[in-house]
Structures are given as structure tokens and as C-alpha cells.
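Engineer: Pasting a structure below so you can have a look.
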Amino acid sequence: MHLVQAGVNLIYIRDLLGHVSVQTTEVYAKADSEAKRNALAAASKNIVPVSKYPTQKKDELLEWLKTIV
């Protein structure tokens with residue numbers, strides 16, 4: 001598991017351990033909670049688009065919306 005956390009390719013770990021199949025190695029290379037959290041955090045950065053509007057424009061719009069009520 002430490003090799004997986006260090007970013008070592010699973011194929012190299014398979015060869016180091018002498019497994020015939022990488023599927024056997026996968027049994028021992030389960031991702032821990034920290035690895036899952038990091039993967040989700042890295043993937044979620046692309047989900048929320050970057051705002052097209054500068055902060056000043058947003059503030060102006062919010063102030064204008066408050067006047068409508």
C-alpha cells in the first residue's frame with residue numbers, strides 16, 4: 001500500500017511481489033481514505049466552472065437585485 005501511495009505503478013509492484021496477474025496485486029493495493037479524498041478533491045476542481053464575472057460586477061448585480069424587492 002505504501003508503494004501505491006508513493007505513486008508507484010501497479011505493474012512494477014506486481015513484478016516486485018512476483019505476482020503473475022496484476023489482479024492479484026490489486027487485492028493488496030486497496031486505496032485508503034486519504035487517497036480517495038485526494039482523488040476526489042483533484043477531480044472536483046474541474047466540476048465548478050470559473051466565474052466569468054469579476055467581483056465588482058457581482059456586487060453591482062446583487063445591489064441592483066436588492067432594489068427590485
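A note on labels: chains of the C-alpha cells are A, B, ... as shown, every chain counts residues from 1, and ligands are counted from 1 in their shown order.
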Please provide the set of residues having any atom within 12 Å of A:Leu3, restricted to only C-alpha atoms, with same-chain residues fewer than 2 positions apart removed, written as a VMD selection string.
Structural biologist: chain A and resid 1 5 to 14 16 to 17 25 28 to 31
Engineer: Please identify which residues in stretch 4-65 of chain A DSSP calls alpha helix (DSSP H) from the backbone, and express them as JSON, numbers by chain.
Structural biologist: {"A": [4, 5, 10, 11, 12, 13, 14, 15, 16, 17, 22, 23, 24, 25, 26, 27, 28, 33, 34, 35, 36, 37, 38, 39, 40, 41, 42, 43, 44, 55, 56, 57, 58, 59, 60, 61, 62, 63, 64, 65]}
